[in-house]
$ cat run29.cif   # mmCIF, C-alpha atoms
data_coords
loop_
_atom_site.label_atom_id
_atom_site.label_comp_id
_atom_site.auth_asym_id
_atom_site.auth_seq_id
_atom_site.Cartn_x
_atom_site.Cartn_y
_atom_site.Cartn_z
CA MET A 1 0.00 0.00 0.00
CA ALA A 2 0.99 3.63 -0.30
CA GLU A 3 3.38 4.91 2.36
CA THR A 4 4.32 8.31 3.69
CA LEU A 5 7.98 7.52 3.04
CA GLY A 6 9.78 5.14 0.71
CA LEU A 7 9.61 4.25 -2.95
CA LEU A 8 5.94 3.30 -3.30
CA LEU A 9 3.51 5.51 -5.20
CA ARG A 10 1.22 7.88 -3.36
CA ALA A 11 -2.31 8.18 -4.73
CA GLY A 12 -5.69 9.53 -3.71
CA PHE A 13 -9.27 10.06 -4.87
CA GLU A 14 -11.57 12.93 -3.94
CA ARG A 15 -15.14 13.54 -5.07
CA GLU A 16 -15.46 16.77 -7.03
CA ALA A 17 -17.52 19.83 -6.13
CA ILE A 18 -21.32 19.78 -5.95
CA VAL A 19 -23.05 21.49 -8.91
CA THR A 20 -26.59 22.76 -9.42
CA THR A 21 -26.76 22.32 -13.19
CA PRO A 22 -25.51 19.44 -15.37
CA THR A 23 -21.76 20.06 -15.58
CA TRP A 24 -18.97 18.22 -17.38
CA PRO A 25 -16.12 18.19 -16.59
CA ALA A 26 -15.56 19.73 -13.17
CA ALA A 27 -14.46 23.36 -13.33
CA VAL A 28 -11.41 22.53 -11.22
CA ALA A 29 -9.79 19.41 -9.85
CA ALA A 30 -10.66 18.40 -6.29
CA ALA A 31 -7.89 18.72 -3.72
CA LEU A 32 -7.03 15.33 -2.23
CA THR A 33 -7.45 15.00 1.53
CA ALA A 34 -6.08 11.47 2.09
CA LEU A 35 -4.24 8.67 0.38
CA VAL A 36 -5.79 5.41 -0.75
CA PRO A 37 -4.06 2.06 -0.05
CA LEU A 38 -2.70 1.62 -3.57
CA LEU A 39 -1.36 -1.78 -4.60
CA ASN A 40 -1.17 -1.29 -8.36
CA VAL A 41 -2.10 1.26 -11.03
CA ASP A 42 -1.99 1.07 -14.84
CA PRO A 43 -2.08 4.70 -16.06
CA GLN A 44 -3.58 5.11 -19.51
CA ASP A 45 -3.35 8.30 -21.59
CA GLY A 46 -6.17 7.04 -23.79
CA ILE A 47 -4.86 8.75 -26.93
CA GLU A 48 -6.31 7.36 -30.16
CA THR A 49 -4.72 8.32 -33.45
CA ALA A 50 -5.53 7.84 -37.12
CA ILE A 51 -2.92 7.81 -39.85
CA HIS A 52 -3.77 10.26 -42.61
CA ASP A 53 -2.68 9.48 -46.13
CA GLY A 54 -3.39 12.53 -48.23
CA GLY A 55 -2.04 10.89 -51.34
CA SER A 56 -0.34 14.07 -52.50
CA SER A 57 3.15 12.60 -52.55
CA GLY A 58 2.40 8.96 -53.09
CA LEU A 59 5.31 8.10 -50.83
CA GLY A 60 3.45 7.16 -47.63
CA ALA A 61 1.52 8.50 -44.65
CA GLU A 62 1.60 12.26 -44.20
CA GLN A 63 0.22 12.85 -40.69
CA ALA A 64 -0.93 11.12 -37.51
CA ILE A 65 -4.12 12.79 -36.27
CA ILE A 66 -5.39 12.52 -32.68
CA THR A 67 -9.05 11.53 -32.93
CA ASN A 68 -9.98 10.81 -29.32
CA VAL A 69 -8.43 11.19 -25.88
CA ARG A 70 -10.09 9.05 -23.21
CA PRO A 71 -7.77 8.66 -20.21
CA SER A 72 -8.35 5.85 -17.75
CA ALA A 73 -6.77 4.54 -14.57
CA PRO A 74 -7.32 0.89 -13.67
CA LEU A 75 -6.14 0.50 -10.07
CA THR A 76 -6.05 -2.11 -7.34
CA LEU A 77 -6.40 -1.14 -3.70
CA LYS A 78 -6.06 -2.98 -0.46
CA ALA A 79 -9.66 -3.23 0.75
CA GLN A 80 -10.17 -1.10 3.88
CA TYR A 81 -13.17 -0.71 6.16
CA GLN A 82 -12.85 3.08 6.15
CA GLY A 83 -11.47 5.57 3.66
CA LEU A 84 -12.99 4.13 0.47
CA GLU A 85 -16.54 5.39 1.01
CA GLN A 86 -16.33 7.92 -1.80
CA LEU A 87 -15.29 5.22 -4.27
CA TRP A 88 -18.10 2.93 -3.13
CA SER A 89 -20.66 5.74 -3.47
CA CYS A 90 -19.38 6.80 -6.90
CA ALA A 91 -19.39 3.17 -8.11
CA LEU A 92 -22.95 2.34 -7.04
CA GLY A 93 -24.16 5.91 -7.33
CA TYR A 94 -26.55 6.42 -4.45
CA MET A 95 -27.05 6.83 -0.73
CA ALA A 96 -30.27 8.42 0.50
CA LYS A 97 -30.21 11.41 2.83
CA ARG A 98 -32.87 9.65 4.90
CA ILE A 99 -34.45 6.22 4.85
CA GLY A 100 -37.79 6.78 6.54
CA THR A 101 -36.87 9.04 9.43
CA THR A 102 -33.31 7.71 9.78
CA VAL A 103 -30.64 10.20 8.69
CA MET A 104 -27.82 8.62 6.68
CA PRO A 105 -25.14 7.84 7.56
CA GLU A 106 -26.96 6.40 10.54
CA LEU A 107 -25.48 7.05 13.98
CA LEU A 108 -25.16 3.67 15.72
CA ALA A 109 -23.09 4.79 18.71
CA THR A 110 -20.76 7.67 19.52
CA GLY A 111 -18.33 7.86 16.61
CA VAL A 112 -19.91 4.89 14.74
CA TYR A 113 -21.83 5.38 11.50
CA ARG A 114 -23.68 3.10 9.10
CA HIS A 115 -23.55 3.83 5.36
CA LEU A 116 -25.86 2.14 2.84
CA TYR A 117 -24.89 2.38 -0.84
CA GLU A 118 -27.33 1.42 -3.58
CA ILE A 119 -27.34 1.16 -7.37
CA ASP A 120 -28.67 4.31 -9.05
CA ALA A 121 -30.30 4.32 -12.47
CA ARG A 122 -27.92 6.97 -13.88
CA LEU A 123 -24.49 8.22 -12.87
CA GLY A 124 -24.23 11.54 -14.71
CA THR A 125 -24.89 15.04 -13.37
CA SER A 126 -28.11 15.14 -15.40
CA GLU A 127 -29.57 13.34 -12.36
CA ALA A 128 -30.77 15.74 -9.64
CA TRP A 129 -31.58 14.94 -6.04
CA ASP A 130 -35.30 14.74 -5.29
CA THR A 131 -36.43 16.29 -2.00
CA THR A 132 -39.16 13.76 -1.33
CA LEU A 133 -37.83 10.55 -2.88
CA ASP A 134 -34.30 10.94 -1.50
CA GLY A 135 -35.29 11.93 2.02
CA PHE A 136 -34.25 15.60 2.14
CA LEU A 137 -35.77 18.49 3.98
CA ALA A 138 -36.28 21.45 1.68
CA ALA A 139 -33.55 23.54 3.35
CA GLU A 140 -30.97 20.75 2.92
CA LEU A 141 -30.71 21.04 -0.87
CA SER A 142 -29.61 23.87 -3.12
CA SER A 143 -31.98 24.59 -6.00
CA GLY A 144 -31.32 22.04 -8.75
CA GLN A 145 -28.53 20.30 -6.80
CA ARG A 146 -27.07 17.42 -8.80
CA LYS A 147 -25.78 14.02 -7.80
CA VAL A 148 -22.01 14.14 -8.37
CA ARG A 149 -20.57 10.62 -8.74
CA ARG A 150 -17.16 11.53 -10.09
CA GLY A 151 -13.88 12.63 -8.60
CA THR A 152 -10.26 13.57 -9.12
CA PHE A 153 -7.70 10.78 -8.97
CA ALA A 154 -4.02 11.67 -8.65
CA VAL A 155 -0.78 9.71 -8.40
CA ASP A 156 2.57 11.21 -7.47
CA MET A 157 4.90 9.67 -10.05
CA GLN A 158 7.87 11.50 -8.41
CA VAL A 159 8.75 13.30 -11.67
CA SER A 160 5.27 14.84 -11.72
CA VAL A 161 1.79 14.31 -10.32
CA TRP A 162 -0.52 12.62 -12.80
CA GLU A 163 -4.04 13.93 -12.22
CA TRP A 164 -7.13 12.47 -13.85
CA LEU A 165 -10.01 14.97 -13.90
CA SER A 166 -13.65 13.93 -13.45
CA CYS A 167 -13.17 10.17 -13.06
CA MET A 168 -16.21 7.91 -13.07
CA VAL A 169 -16.19 4.28 -11.94
CA SER A 170 -16.60 2.00 -14.93
CA SER A 171 -16.25 -1.23 -12.97
CA LEU A 172 -15.52 -2.46 -9.45
CA THR A 173 -14.33 -5.86 -8.24
CA LEU A 174 -14.08 -6.88 -4.59
CA ALA A 175 -12.05 -10.10 -4.37
CA ALA A 176 -11.39 -12.13 -1.23
CA GLU A 177 -9.02 -15.06 -0.91
CA PRO A 178 -6.64 -16.28 1.80
CA GLY A 179 -3.83 -14.15 0.32
CA GLY A 180 -5.76 -10.92 0.86
CA VAL A 181 -8.83 -8.84 0.04
CA THR A 182 -8.56 -6.30 -2.78
CA LEU A 183 -10.74 -3.70 -4.47
CA THR A 184 -10.03 -3.29 -8.19
CA ILE A 185 -11.55 -0.24 -9.86
CA GLU A 186 -11.45 1.05 -13.42
CA LEU A 187 -11.72 4.83 -13.59
CA LEU A 188 -12.67 6.63 -16.82
CA ALA A 189 -11.71 10.31 -16.91
CA HIS A 190 -12.30 13.46 -18.90
CA SER A 191 -8.63 14.42 -19.12
CA LEU A 192 -5.17 13.78 -17.72
CA SER A 193 -2.83 16.52 -16.51
CA ARG A 194 0.81 16.28 -15.45
CA ALA A 195 1.07 19.90 -14.38
CA SER A 196 -1.66 20.33 -11.79
CA GLY A 197 -1.75 23.42 -9.64
CA VAL A 198 -4.11 21.68 -7.20
CA ASN A 199 -2.52 18.35 -6.35
CA THR A 200 1.22 18.92 -6.41
CA SER A 201 4.08 16.82 -5.08
CA ALA A 202 4.24 19.15 -2.09
CA THR A 203 0.54 18.80 -1.24
CA MET A 204 0.60 15.02 -1.69
CA LEU A 205 3.59 14.69 0.62
CA ARG A 206 1.42 16.06 3.41
CA LEU A 207 -1.26 13.39 2.96
CA LEU A 208 -1.34 10.33 5.19
CA PRO A 209 -2.29 6.75 4.31
CA PRO A 210 -5.34 5.15 5.94
CA THR A 211 -4.81 3.68 9.38
CA THR A 212 -8.10 1.80 9.75
CA PRO A 213 -8.01 -2.00 9.46
CA GLY A 214 -8.14 -3.81 6.15
CA LEU A 215 -10.64 -6.51 5.26
CA LEU A 216 -9.33 -10.02 5.91
CA PHE A 217 -10.43 -13.27 4.31
CA THR A 218 -11.00 -14.64 7.81
CA ASP A 219 -13.43 -11.75 8.45
CA LEU A 220 -15.78 -13.11 5.76
CA ALA A 221 -19.00 -15.07 6.28
CA VAL A 222 -21.10 -16.01 3.22
CA ARG A 223 -24.72 -17.18 3.16
CA VAL A 224 -26.97 -18.22 0.26
CA ALA A 225 -30.51 -19.64 0.26
CA PRO A 226 -33.64 -19.68 -1.91
CA TYR A 227 -35.20 -16.23 -2.12
CA SER A 228 -37.87 -15.54 0.47
CA THR A 229 -39.83 -12.54 1.66
CA THR A 230 -40.57 -14.24 5.00
CA THR A 231 -37.63 -16.47 5.97
CA PRO A 232 -34.29 -14.63 6.49
CA LEU A 233 -30.89 -16.14 5.92
CA ALA A 234 -29.62 -18.25 8.83
CA SER A 235 -26.41 -19.90 9.99
CA THR A 236 -27.52 -23.12 8.24
CA ASP A 237 -27.25 -21.24 4.92
CA ALA A 238 -23.50 -20.64 5.35
CA VAL A 239 -21.31 -21.38 2.34
CA GLN A 240 -17.61 -22.16 2.78
CA CYS A 241 -15.45 -20.60 0.05
CA THR A 242 -11.79 -20.72 -0.91
CA SER A 243 -12.32 -17.52 -2.90
CA TRP A 244 -15.16 -15.03 -3.30
CA THR A 245 -15.44 -12.28 -5.95
CA LEU A 246 -18.06 -9.56 -6.45
CA HIS A 247 -18.06 -7.70 -9.77
CA LEU A 248 -20.02 -4.59 -10.81
CA ASP A 249 -19.94 -3.43 -14.43
CA ASN A 250 -21.50 0.00 -14.95
CA HIS A 251 -21.31 -0.27 -18.76
CA LEU A 252 -20.11 3.33 -19.07
CA THR A 253 -19.40 4.83 -22.45
CA ALA A 254 -19.00 8.29 -23.99
CA ALA A 255 -18.38 9.92 -27.33
CA SER A 256 -16.42 13.03 -28.16
CA GLY A 257 -18.58 15.99 -29.07
CA PRO A 258 -18.34 19.48 -30.58
CA ARG A 259 -18.19 20.92 -27.07
CA THR A 260 -15.40 18.68 -25.80
CA GLY A 261 -13.22 18.31 -28.91
CA THR A 262 -11.25 15.07 -28.66
CA ALA A 263 -12.18 14.64 -24.97
CA PRO A 264 -15.21 12.54 -24.02
CA GLU A 265 -18.57 13.90 -23.04
CA GLU A 266 -19.91 12.81 -19.64
CA TYR A 267 -19.95 9.05 -19.35
CA GLU A 268 -23.32 7.31 -19.20
CA ARG A 269 -24.49 3.70 -19.18
CA ASP A 270 -25.32 2.14 -22.54
CA ALA A 271 -26.90 -0.85 -20.75
CA PRO A 272 -28.17 -1.58 -17.24
CA PRO A 273 -25.45 -2.29 -14.65
CA MET A 274 -24.52 -5.94 -14.21
CA VAL A 275 -23.64 -7.46 -10.85
CA SER A 276 -22.17 -10.94 -10.51
CA LEU A 277 -20.74 -13.05 -7.70
CA THR A 278 -18.29 -15.92 -8.15
CA MET A 279 -17.49 -18.39 -5.38
CA VAL A 280 -15.08 -21.31 -5.37
CA LEU A 281 -16.19 -24.01 -2.94
CA PRO A 282 -13.49 -26.28 -1.44
CA ARG A 283 -14.90 -29.56 -2.78
CA HIS A 284 -17.98 -30.97 -4.48
CA THR A 285 -20.12 -32.59 -1.78
CA ALA A 286 -23.62 -32.39 -3.33
CA ASP A 287 -25.32 -31.49 -6.59
CA THR A 288 -27.11 -28.56 -4.94
CA TRP A 289 -25.64 -25.86 -7.14
CA GLN A 290 -26.06 -27.81 -10.36
CA THR A 291 -29.72 -28.41 -9.45
CA ARG A 292 -30.29 -24.74 -8.66
CA TRP A 293 -28.64 -23.73 -11.93
CA GLY A 294 -30.72 -26.15 -13.99
CA ALA A 295 -33.97 -25.18 -12.26
CA GLY A 296 -33.38 -21.42 -12.50
CA THR A 297 -33.90 -21.15 -8.74
CA VAL A 298 -34.10 -17.56 -7.47
CA LEU A 299 -31.76 -17.11 -4.51
CA MET A 300 -30.72 -14.43 -2.04
CA ALA A 301 -27.19 -13.99 -0.72
CA ASP A 302 -25.10 -11.93 1.63
CA ALA A 303 -21.41 -11.71 2.45
CA LYS A 304 -20.36 -10.03 5.66
CA PHE A 305 -16.87 -8.89 6.60
CA THR A 306 -16.59 -8.14 10.33
CA SER A 307 -13.32 -6.86 11.79
CA GLU A 308 -11.98 -7.91 15.16
CA THR A 309 -10.95 -4.26 15.56
CA LEU A 310 -13.63 -2.15 17.23
CA ILE A 311 -14.61 1.43 16.43
CA ALA A 312 -16.18 1.73 19.88
CA VAL A 313 -17.21 -0.72 22.59
CA GLY A 314 -19.25 -3.48 20.95
CA GLN A 315 -19.05 -1.80 17.52
CA PRO A 316 -16.72 -3.51 15.01
CA TYR A 317 -15.90 -2.23 11.54
CA LYS A 318 -18.15 -3.92 8.94
CA CYS A 319 -18.47 -4.30 5.19
CA ASN A 320 -21.62 -6.16 4.22
CA ILE A 321 -22.62 -7.11 0.68
CA TYR A 322 -26.28 -7.90 -0.05
CA LEU A 323 -27.74 -9.52 -3.17
CA PRO A 324 -31.48 -9.61 -2.40
CA SER A 325 -32.23 -11.63 -5.52
CA CYS A 326 -29.91 -13.67 -7.75
CA GLN A 327 -29.71 -16.78 -9.90
CA ALA A 328 -26.98 -19.29 -10.66
CA VAL A 329 -25.62 -18.88 -14.19
CA GLY A 330 -22.81 -21.38 -13.75
CA ALA A 331 -21.92 -24.30 -11.47
CA ASP A 332 -18.84 -26.01 -12.83
CA LEU A 333 -16.65 -28.74 -11.41
CA ASN A 334 -12.95 -27.95 -11.65
CA ILE A 335 -11.79 -31.49 -12.39
CA ALA A 336 -8.04 -32.09 -12.31
CA GLY A 337 -7.03 -35.72 -12.14
CA ALA A 338 -8.75 -38.09 -9.74
CA ARG A 339 -9.11 -35.70 -6.80
CA VAL A 340 -12.54 -34.57 -5.61
CA PRO A 341 -13.11 -31.38 -7.59
CA PRO A 342 -14.09 -27.99 -6.17
CA ASP A 343 -17.21 -26.18 -7.39
CA THR A 344 -17.03 -22.79 -9.11
CA VAL A 345 -20.41 -21.11 -8.73
CA THR A 346 -21.39 -17.89 -10.51
CA LEU A 347 -24.47 -15.92 -9.48
CA ALA A 348 -26.05 -13.09 -11.47
CA ALA A 349 -27.78 -10.48 -9.32
CA ILE A 350 -31.27 -9.51 -10.47
CA VAL A 351 -33.75 -6.86 -9.40
CA PRO A 352 -35.93 -8.33 -6.61
CA THR A 353 -39.69 -8.45 -7.02
CA ALA A 354 -40.06 -7.60 -3.31
CA ALA A 355 -37.79 -7.01 -0.32
CA ALA A 356 -35.87 -10.11 0.75
CA ALA A 357 -36.48 -11.17 4.34
CA GLY A 358 -33.93 -9.86 6.83
CA PHE A 359 -32.15 -7.55 4.39
CA PRO A 360 -31.61 -3.86 5.21
CA THR A 361 -34.39 -1.46 4.30
CA ALA A 362 -33.26 0.44 1.21
CA SER A 363 -34.60 3.27 -0.95
CA HIS A 364 -34.22 1.41 -4.26
CA ALA A 365 -35.21 -2.16 -5.10
CA GLY A 366 -31.85 -2.80 -6.71
CA PRO A 367 -29.69 -5.89 -7.28
CA LEU A 368 -26.88 -4.83 -4.92
CA THR A 369 -26.60 -3.01 -1.62
CA VAL A 370 -23.34 -2.33 0.22
CA GLU A 371 -23.39 -1.55 3.93
CA ILE A 372 -20.32 -0.02 5.59
CA VAL A 373 -19.99 0.56 9.33
CA SER A 374 -17.06 2.88 10.05
CA GLY A 375 -16.11 6.06 11.85
CA LEU A 376 -16.95 8.34 8.90
CA ALA A 377 -19.66 10.79 9.94
CA THR A 378 -20.14 12.54 6.59
CA HIS A 379 -22.33 11.60 3.61
CA PRO A 380 -19.86 10.96 0.76
CA LEU A 381 -22.17 12.38 -1.92
CA LEU A 382 -23.13 15.59 -0.11
#
$ encode --input "run29.cif" --output "structure tokens"
Amino acid sequence: MAETLGLLLRAGFEREAIVTTPTWPAAVAAALTALVPLLNVDPQDGIETAIHDGGSSGLGAEQAIITNVRPSAPLTLKAQYQGLEQLWSCALGYMAKRIGTTVMPELLATGVYRHLYEIDARLGTSEAWDTTLDGFLAAELSSGQRKVRRGTFAVDMQVSVWEWLSCMVSSLTLAAEPGGVTLTIELLAHSLSRASGVNTSATMLRLLPPTTPGLLFTDLAVRVAPYSTTTPLASTDAVQCTSWTLHLDNHLTAASGPRTGTAPEEYERDAPPMVSLTMVLPRHTADTWQTRWGAGTVLMADAKFTSETLIAVGQPYKCNIYLPSCQAVGADLNIAGARVPPDTVTLAAIVPTAAAAGFPTASHAGPLTVEIVSGLATHPLL
């Protein structure tokens, strides 16, 4: 992960300023306030060129023309219980201001807060907050206030700071195995600067890495059972895994326009988001998963990471993943020789027809809900 000293890269992400009209890109980069636990980054300039052959000389190509510039930053982070809330909220797109009368994030105890992130239908700034539907009091919103699900990502490359402006989360993968728990995110940006006046080497040197605990494979408990609106998941529904992977694909795309030149317009989905879950079970002991796959059985699933480290007395850090409705789309035996093979099970999350029993009350009937319990008191989208 990133360090305050040494040879490892220092990187951070910060949601950009709130706007009251659809705005792309942000007028100015956001100033980073903390580092993220970076494990790997693959910086992409995103420059696309076309070779122009005018034919005037007949000797060969005459010019390389830049047609599109779509920078991206695929990155892998050490999964932490606190400090990644902005990335979670930008990836899924939504957290209500209130659910019923409960203000979010919900205060559970002194210094302990519960966040509930949900899939939103759109991720662009064309989407405005709604006073009634999103649980706001009239005085809590500026006129026309937009949902901003983008941010500035910057990496100090030592020679210069590379700063991606107005990044949106194209995909997110939370992967857990005995070797560690990681969060892999693909960011799509409006532009890339190497001469920022906002996030400089000097300002990034003052930022500290997260100190809250990371998710551990041993923190994880997985449960799956047939979907029910009356019978909640129980300990008898536990599933033992050797690896567990959640993937969200937002299907973001953008085209260059007259207003943006070779840069992309604001990214939007060209298809509904897709959520999948892949589990590798230690060994094949029953044909349960093959039967569920063949029958098209509708299931419900959760995966709960609970830290041994406490935020306050009796209040551990938590990261809970809820799939209120899903179906098996694969249940394969990984046969290698004569040994008893493990099962690889893939579930596709679907929109539930009604609330699954025992799942958190949410604002949207979506295929995925992420619940974080941490010490962060602020709403990451407001």
$ closest_residue --input "run29.cif" --among "A:Val69, A:Met157, A:Leu323, A:Ala31" --to "Ala255 in chain A" --atoms "all atoms listed in the file"
A:Val69
$ closest_residue --input "run29.cif" --among "A:Val41, A:Leu84, A:Ala202, A:Leu9" --to "Pro380 in chain A" --atoms "all atoms listed in the file"
A:Leu84
$ closest_residue --input "run29.cif" --among "A:Met168, A:Leu107, A:Leu216, A:Met95" --to "Leu123 in chain A" --atoms "only C-alpha atoms"
A:Met168
$ closest_residue --input "run29.cif" --among "A:Thr101, A:Ser171, A:Thr110, A:Ser142" --to "Pro74 in chain A" --atoms "only C-alpha atoms"
A:Ser171
$ atom_distance --input "run29.cif" --atom1 "CA of Gln327 in chain A" --atom2 "CA of Ala295 in chain A"
9.7 Å
$ residues_near_point --input "run29.cif" --point "(-4.4, 19.1, -11.1)" --cutoff "6 Å" --atoms "only C-alpha atoms" --output "mmCIF file with C-alpha atoms, keeping the file's coordinate frame"
data_model
loop_
_atom_site.group_PDB
_atom_site.id
_atom_site.type_symbol
_atom_site.label_atom_id
_atom_site.label_comp_id
_atom_site.auth_asym_id
_atom_site.auth_seq_id
_atom_site.Cartn_x
_atom_site.Cartn_y
_atom_site.Cartn_z
ATOM 1 C CA ALA A 29 -9.790 19.410 -9.850
ATOM 2 C CA GLU A 163 -4.040 13.930 -12.220
ATOM 3 C CA SER A 196 -1.660 20.330 -11.790
ATOM 4 C CA GLY A 197 -1.750 23.420 -9.640
ATOM 5 C CA VAL A 198 -4.110 21.680 -7.200
ATOM 6 C CA ASN A 199 -2.520 18.350 -6.350
#
$ resolve_selection --input "run29.cif" --expression "the PyMOL selection byres ((chain A and resi 366) around 7)" --output "PDB file with C-alpha atoms, in the coordinates of the input"
ATOM      1  CA  GLU A 118     -27.330   1.420  -3.580  1.00  0.00           C
ATOM      2  CA  ILE A 119     -27.340   1.160  -7.370  1.00  0.00           C
ATOM      3  CA  VAL A 351     -33.750  -6.860  -9.400  1.00  0.00           C
ATOM      4  CA  PRO A 352     -35.930  -8.330  -6.610  1.00  0.00           C
ATOM      5  CA  HIS A 364     -34.220   1.410  -4.260  1.00  0.00           C
ATOM      6  CA  ALA A 365     -35.210  -2.160  -5.100  1.00  0.00           C
ATOM      7  CA  PRO A 367     -29.690  -5.890  -7.280  1.00  0.00           C
ATOM      8  CA  LEU A 368     -26.880  -4.830  -4.920  1.00  0.00           C
TER       9      LEU A 368
END
$ resolve_selection --input "run29.cif" --expression "the PyMOL selection byres ((chain A and resi 318) around 9)" --output "list in words"
Tyr81, Arg114, Leu215, Lys304, Phe305, Thr306, Ser307, Gln315, Pro316, Tyr317, Cys319, Asn320, Glu371, Ile372, Val373 and Ser374 of chain A
$ closest_residue --input "run29.cif" --among "A:Cys241, A:Ala128, A:Val345, A:Ala355" --to "Pro22 in chain A" --atoms "all atoms listed in the file"
A:Ala128
$ closest_residue --input "run29.cif" --among "A:Thr152, A:Ser126, A:Thr132, A:Thr230" --to "Ile99 in chain A" --atoms "all atoms listed in the file"
A:Thr132
$ resolve_selection --input "run29.cif" --expression "the PyMOL selection byres ((chain A and resi 179) around 10)" --output "list in words"
Ala176, Glu177, Pro178, Gly180, Val181, Thr182, Leu216, Phe217 and Ser243 of chain A
$ residues_around --input "run29.cif" --residues "Arg70 in chain A" --least-positions-apart "5" --cutoff "9 Å" --atoms "all atoms listed in the file" --output "list in words"
Gln44, Asp45, Gly46, Ile47, Glu48, Leu188, Ala189, His190, Ser191, Leu192, Ala254, Ser256, Thr262, Ala263 and Pro264 of chain A
$ atom_distance --input "run29.cif" --atom1 "CA of Ile350 in chain A" --atom2 "CA of Trp244 in chain A"
18.5 Å
$ atom_distance --input "run29.cif" --atom1 "CA of Ala154 in chain A" --atom2 "CA of Leu141 in chain A"
29.3 Å
$ residues_around --input "run29.cif" --residues "Ala354 in chain A" --least-positions-apart "5" --cutoff "10 Å" --atoms "only C-alpha atoms" --output "CSV table (one decimal) with C-alpha atoms, in the coordinates of the input"
chain,number,residue,atom,x,y,z
A,227,TYR,CA,-35.2,-16.2,-2.1
A,228,SER,CA,-37.9,-15.5,0.5
A,229,THR,CA,-39.8,-12.5,1.7
A,324,PRO,CA,-31.5,-9.6,-2.4
A,325,SER,CA,-32.2,-11.6,-5.5
A,365,ALA,CA,-35.2,-2.2,-5.1
$ residues_near_point --input "run29.cif" --point "(-20.9, 6.1, -16.2)" --cutoff "10 Å" --atoms "only C-alpha atoms" --output "number ranges by chain"
A: 90-91, 93, 122-124, 149-150, 167-171, 187-188, 249-254, 266-270, 273
$ build_atoms --input "run29.cif" --residues "range 146-150 of chain A" --atoms "all heavy atoms" --output "PDB file, in the frame of the given file"
ATOM      1  N   ARG A 146     -27.286  18.643  -8.043  1.00  0.00           N
ATOM      2  CA  ARG A 146     -27.070  17.420  -8.800  1.00  0.00           C
ATOM      3  C   ARG A 146     -26.364  16.355  -7.969  1.00  0.00           C
ATOM      4  O   ARG A 146     -25.630  16.663  -7.021  1.00  0.00           O
ATOM      5  CB  ARG A 146     -26.228  17.710 -10.041  1.00  0.00           C
ATOM      6  CG  ARG A 146     -26.829  18.765 -10.940  1.00  0.00           C
ATOM      7  CD  ARG A 146     -28.017  18.223 -11.716  1.00  0.00           C
ATOM      8  NE  ARG A 146     -29.031  19.242 -11.974  1.00  0.00           N
ATOM      9  CZ  ARG A 146     -30.026  19.090 -12.833  1.00  0.00           C
ATOM     10  NH1 ARG A 146     -30.138  17.965 -13.516  1.00  0.00           N
ATOM     11  NH2 ARG A 146     -30.920  20.040 -12.989  1.00  0.00           N
ATOM     12  N   LYS A 147     -26.558  15.111  -8.364  1.00  0.00           N
ATOM     13  CA  LYS A 147     -25.780  14.020  -7.800  1.00  0.00           C
ATOM     14  C   LYS A 147     -24.430  13.991  -8.528  1.00  0.00           C
ATOM     15  O   LYS A 147     -24.386  13.830  -9.744  1.00  0.00           O
ATOM     16  CB  LYS A 147     -26.503  12.682  -8.005  1.00  0.00           C
ATOM     17  CG  LYS A 147     -27.872  12.602  -7.364  1.00  0.00           C
ATOM     18  CD  LYS A 147     -28.547  11.280  -7.731  1.00  0.00           C
ATOM     19  CE  LYS A 147     -29.969  11.217  -7.218  1.00  0.00           C
ATOM     20  NZ  LYS A 147     -30.654   9.966  -7.657  1.00  0.00           N
ATOM     21  N   VAL A 148     -23.357  14.151  -7.786  1.00  0.00           N
ATOM     22  CA  VAL A 148     -22.010  14.140  -8.370  1.00  0.00           C
ATOM     23  C   VAL A 148     -21.335  12.838  -7.986  1.00  0.00           C
ATOM     24  O   VAL A 148     -20.966  12.633  -6.833  1.00  0.00           O
ATOM     25  CB  VAL A 148     -21.185  15.363  -7.904  1.00  0.00           C
ATOM     26  CG1 VAL A 148     -19.769  15.285  -8.452  1.00  0.00           C
ATOM     27  CG2 VAL A 148     -21.864  16.652  -8.357  1.00  0.00           C
ATOM     28  N   ARG A 149     -21.172  11.927  -8.960  1.00  0.00           N
ATOM     29  CA  ARG A 149     -20.570  10.620  -8.740  1.00  0.00           C
ATOM     30  C   ARG A 149     -19.290  10.498  -9.535  1.00  0.00           C
ATOM     31  O   ARG A 149     -19.053   9.548 -10.270  1.00  0.00           O
ATOM     32  CB  ARG A 149     -21.561   9.508  -9.131  1.00  0.00           C
ATOM     33  CG  ARG A 149     -22.657   9.229  -8.116  1.00  0.00           C
ATOM     34  CD  ARG A 149     -23.724  10.301  -8.081  1.00  0.00           C
ATOM     35  NE  ARG A 149     -24.386  10.522  -9.347  1.00  0.00           N
ATOM     36  CZ  ARG A 149     -25.492   9.878  -9.749  1.00  0.00           C
ATOM     37  NH1 ARG A 149     -26.055   8.989  -8.984  1.00  0.00           N
ATOM     38  NH2 ARG A 149     -26.066  10.185 -10.905  1.00  0.00           N
ATOM     39  N   ARG A 150     -18.458  11.516  -9.406  1.00  0.00           N
ATOM     40  CA  ARG A 150     -17.160  11.530 -10.090  1.00  0.00           C
ATOM     41  C   ARG A 150     -16.166  12.225  -9.178  1.00  0.00           C
ATOM     42  O   ARG A 150     -16.547  12.932  -8.234  1.00  0.00           O
ATOM     43  CB  ARG A 150     -17.277  12.282 -11.414  1.00  0.00           C
ATOM     44  CG  ARG A 150     -17.650  13.743 -11.233  1.00  0.00           C
ATOM     45  CD  ARG A 150     -17.557  14.516 -12.529  1.00  0.00           C
ATOM     46  NE  ARG A 150     -17.787  15.936 -12.288  1.00  0.00           N
ATOM     47  CZ  ARG A 150     -18.719  16.659 -12.888  1.00  0.00           C
ATOM     48  NH1 ARG A 150     -19.545  16.118 -13.755  1.00  0.00           N
ATOM     49  NH2 ARG A 150     -18.839  17.957 -12.627  1.00  0.00           N
TER      50      ARG A 150
END
